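Data first, discussion second: the structure below is written as structure tokens.
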Amino acid sequence: MIRKAVTTFVLLLGLASISGSAELTGKFELDASTGYLYSADQPFRLYGIQVIDHGRQCIANEQMWACGKAAHQALLIYVEKESFVCILLPASNGPDADPPAAECFLGTHSVNAQLVADGWALTAADIPAPYREEALAARQNGEGIFRGGFVPPDKWRPKFGAQLEDCSVCIARHQSLIRAREKRKAQLESESENN
């Protein structure tokens, strides 16, 4: 009887964790070859952005510079802070599925958005990117990789397939991200009021 109750509880807990967003805390590692982050062997990518390839070279003042290495250093500065928290979004299943996406925070501030605003990440090309304003400001102000007139791949790479605006899965994921962000903000506000 007790074993059956424990099994039922574990199954319900598993279903609840699948349906909701998971929060990742603790030590994070960055895989320079893929741009994925790892938390306790759980790989994930940053939602809505493209981490610059570690080996990418850019031009500024007619000189080549290691913009990819600088972008990874900027990300590592956030990853190494104790208050760094990531909210894992529900992942699509399948053998060819990418690692799940996550939005990461320092307090209530989105690290994903900040990396784009500082010019150390690009907005994702495969979804209606939520950080378009930050990307535009980074380009206009010559921040990060844009300081030498960097042209993102979406400006010169041909588009293929259906239009991004028609992606219902993308819209659902983005709405899930917004709910997770609001939940995290409310949680932090509640904690600060209680202290």
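If you're wondering about the labels, chains in the structure tokens are A, B, ... by order shown, residues count from 1 in each chain, ligands from 1 in order shown.
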
Review point. Near Cys67 of chain A, counting only C-alpha atoms, which residues have an atom at most 6 Å away, once you skip same-chain residues fewer than 3 positions from it, shown as a list in words?
Key: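 Here the answer would be Gln57, Cys58, Ala70 and Ile145 of chain A.
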
**Study point:** Shell around Arg132 of chain A at 12 Å using only C-alpha atoms, local window under 5 positions removed, as a list in words
**Key:**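 Surrounding residues, per the criterion: Gly48, Ile49, Asn112, Ala113, Gln114, Val116, Ala117, Gly119, Ala121, Leu122, Thr123, Ala124, Ala125, Ile127, Ala137, Ala138 and Arg139 of chain A.
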
So that I have them on file, write out the residues from the current selection with N, CA and C atoms, as a CSV table (one decimal), in the first residue's frame.
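Result saved to out_27.csv:
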```csv
chain,number,residue,atom,x,y,z
A,48,GLY,N,15.9,32.6,-27.0
A,48,GLY,CA,15.8,33.8,-27.8
A,48,GLY,C,17.1,34.5,-28.3
A,49,ILE,N,18.2,33.8,-28.0
A,49,ILE,CA,19.5,34.4,-28.4
A,49,ILE,C,20.4,33.4,-29.1
A,112,ASN,N,19.7,37.0,-20.6
A,112,ASN,CA,19.5,36.9,-22.1
A,112,ASN,C,19.4,38.2,-22.7
A,113,ALA,N,18.5,39.0,-22.2
A,113,ALA,CA,18.3,40.4,-22.8
A,113,ALA,C,19.5,41.3,-22.6
A,114,GLN,N,20.2,41.1,-21.5
A,114,GLN,CA,21.4,42.0,-21.2
A,114,GLN,C,22.5,41.6,-22.2
A,116,VAL,N,22.3,40.6,-25.2
A,116,VAL,CA,21.9,41.2,-26.5
A,116,VAL,C,22.1,42.7,-26.4
A,117,ALA,N,21.7,43.3,-25.4
A,117,ALA,CA,21.8,44.8,-25.2
A,117,ALA,C,23.2,45.2,-25.2
A,119,GLY,N,25.6,43.7,-26.8
A,119,GLY,CA,26.2,43.4,-28.0
A,119,GLY,C,27.0,42.1,-28.0
A,121,ALA,N,25.6,38.9,-27.8
A,121,ALA,CA,24.8,37.9,-28.3
A,121,ALA,C,23.8,38.4,-29.4
A,122,LEU,N,23.4,37.6,-30.3
A,122,LEU,CA,22.5,37.9,-31.4
A,122,LEU,C,21.1,37.4,-31.0
A,123,THR,N,20.1,38.1,-31.5
A,123,THR,CA,18.7,37.5,-31.4
A,123,THR,C,18.6,36.3,-32.2
A,124,ALA,N,17.9,35.3,-31.7
A,124,ALA,CA,17.7,34.0,-32.4
A,124,ALA,C,17.0,34.2,-33.7
A,125,ALA,N,17.5,33.5,-34.7
A,125,ALA,CA,16.9,33.6,-36.0
A,125,ALA,C,15.7,32.7,-36.2
A,127,ILE,N,13.1,32.0,-34.2
A,127,ILE,CA,11.8,32.3,-33.5
A,127,ILE,C,11.6,33.8,-33.6
A,137,ALA,N,19.4,48.6,-30.3
A,137,ALA,CA,20.2,49.6,-29.6
A,137,ALA,C,21.6,49.2,-29.6
A,138,ALA,N,22.0,47.9,-29.5
A,138,ALA,CA,23.4,47.5,-29.5
A,138,ALA,C,24.0,47.8,-30.8
A,139,ARG,N,23.3,47.6,-31.9
A,139,ARG,CA,23.8,47.9,-33.2
A,139,ARG,C,24.0,49.4,-33.4
```

Find the nearest atom pair between each residue of segment 67-110 of chain A and segment 37-43 of chain A for residues within 9 Å, count only C-alpha atoms, give distances in Å to one decimal, sort rows by chain and ascending number, and present the table as JSON lines.
```
{"residue": "A:Val79", "atom": "CA", "partner": "A:Leu37", "partner_atom": "CA", "distance": 8.9}
{"residue": "A:Pro99", "atom": "CA", "partner": "A:Pro43", "partner_atom": "CA", "distance": 6.0}
{"residue": "A:Pro100", "atom": "CA", "partner": "A:Pro43", "partner_atom": "CA", "distance": 7.5}
```

Would you output that residue set with C-alpha atoms, as an mmCIF file, in the first residue's frame?
```
data_model
loop_
_atom_site.group_PDB
_atom_site.id
_atom_site.type_symbol
_atom_site.label_atom_id
_atom_site.label_comp_id
_atom_site.auth_asym_id
_atom_site.auth_seq_id
_atom_site.Cartn_x
_atom_site.Cartn_y
_atom_site.Cartn_z
ATOM 1 C CA VAL A 79 27.324 32.466 -15.011
ATOM 2 C CA PRO A 99 18.541 20.916 -25.635
ATOM 3 C CA PRO A 100 15.763 22.819 -23.875
#
```

Review point. Quick one: DSSP alpha helix (DSSP H) residues in segment 76-115 of chain A, as a ChimeraX atom specification?
Key: /A:76-79,111-115

Polymer residues at most 8 Å from segment 33-35 of chain A, only C-alpha atoms, same-chain spacing of 5 or more positions, as an mmCIF file with N, CA and C atoms, in the first residue's frame:
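Everything below was put into around_18.cif:
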```
data_model
loop_
_atom_site.group_PDB
_atom_site.id
_atom_site.type_symbol
_atom_site.label_atom_id
_atom_site.label_comp_id
_atom_site.auth_asym_id
_atom_site.auth_seq_id
_atom_site.Cartn_x
_atom_site.Cartn_y
_atom_site.Cartn_z
ATOM 1 N N ARG A 45 20.151 25.719 -23.730
ATOM 2 C CA ARG A 45 20.572 26.885 -24.499
ATOM 3 C C ARG A 45 19.807 28.095 -23.982
ATOM 4 N N VAL A 51 24.310 32.576 -28.957
ATOM 5 C CA VAL A 51 25.604 32.857 -28.357
ATOM 6 C C VAL A 51 26.620 32.902 -29.506
ATOM 7 N N ILE A 52 27.484 33.904 -29.501
ATOM 8 C CA ILE A 52 28.489 34.057 -30.550
ATOM 9 C C ILE A 52 29.460 32.873 -30.478
ATOM 10 N N ASP A 53 29.800 32.304 -31.625
ATOM 11 C CA ASP A 53 30.769 31.208 -31.668
ATOM 12 C C ASP A 53 32.069 31.637 -30.999
ATOM 13 N N HIS A 54 32.620 30.753 -30.173
ATOM 14 C CA HIS A 54 33.837 31.075 -29.420
ATOM 15 C C HIS A 54 34.990 31.467 -30.339
#
```

Point to revise | Residue among A:Ala66, A:Glu103, A:Arg147, A:Ile59 lying closest to Tyr131 of chain A, counting only C-alpha atoms | key: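 Among the listed residues, A:Glu103 lies closest to Tyr131 of chain A.
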
Check your understanding: Between A:Tyr36, A:Tyr47, A:Phe146, A:Trp120, which is the closest to Gln73 of chain A once you count only C-alpha atoms?
Key ->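 Once distances to Gln73 of chain A are computed over only C-alpha atoms, the minimum belongs to A:Trp120.
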
Check your understanding: Between atom CA of Leu46 of chain A and atom CA of Cys104 of chain A, what is the distance, to one decimal in Å?
Key ->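 Spanning atom CA of Leu46 of chain A to atom CA of Cys104 of chain A is a straight-line distance of 7.4 Å.
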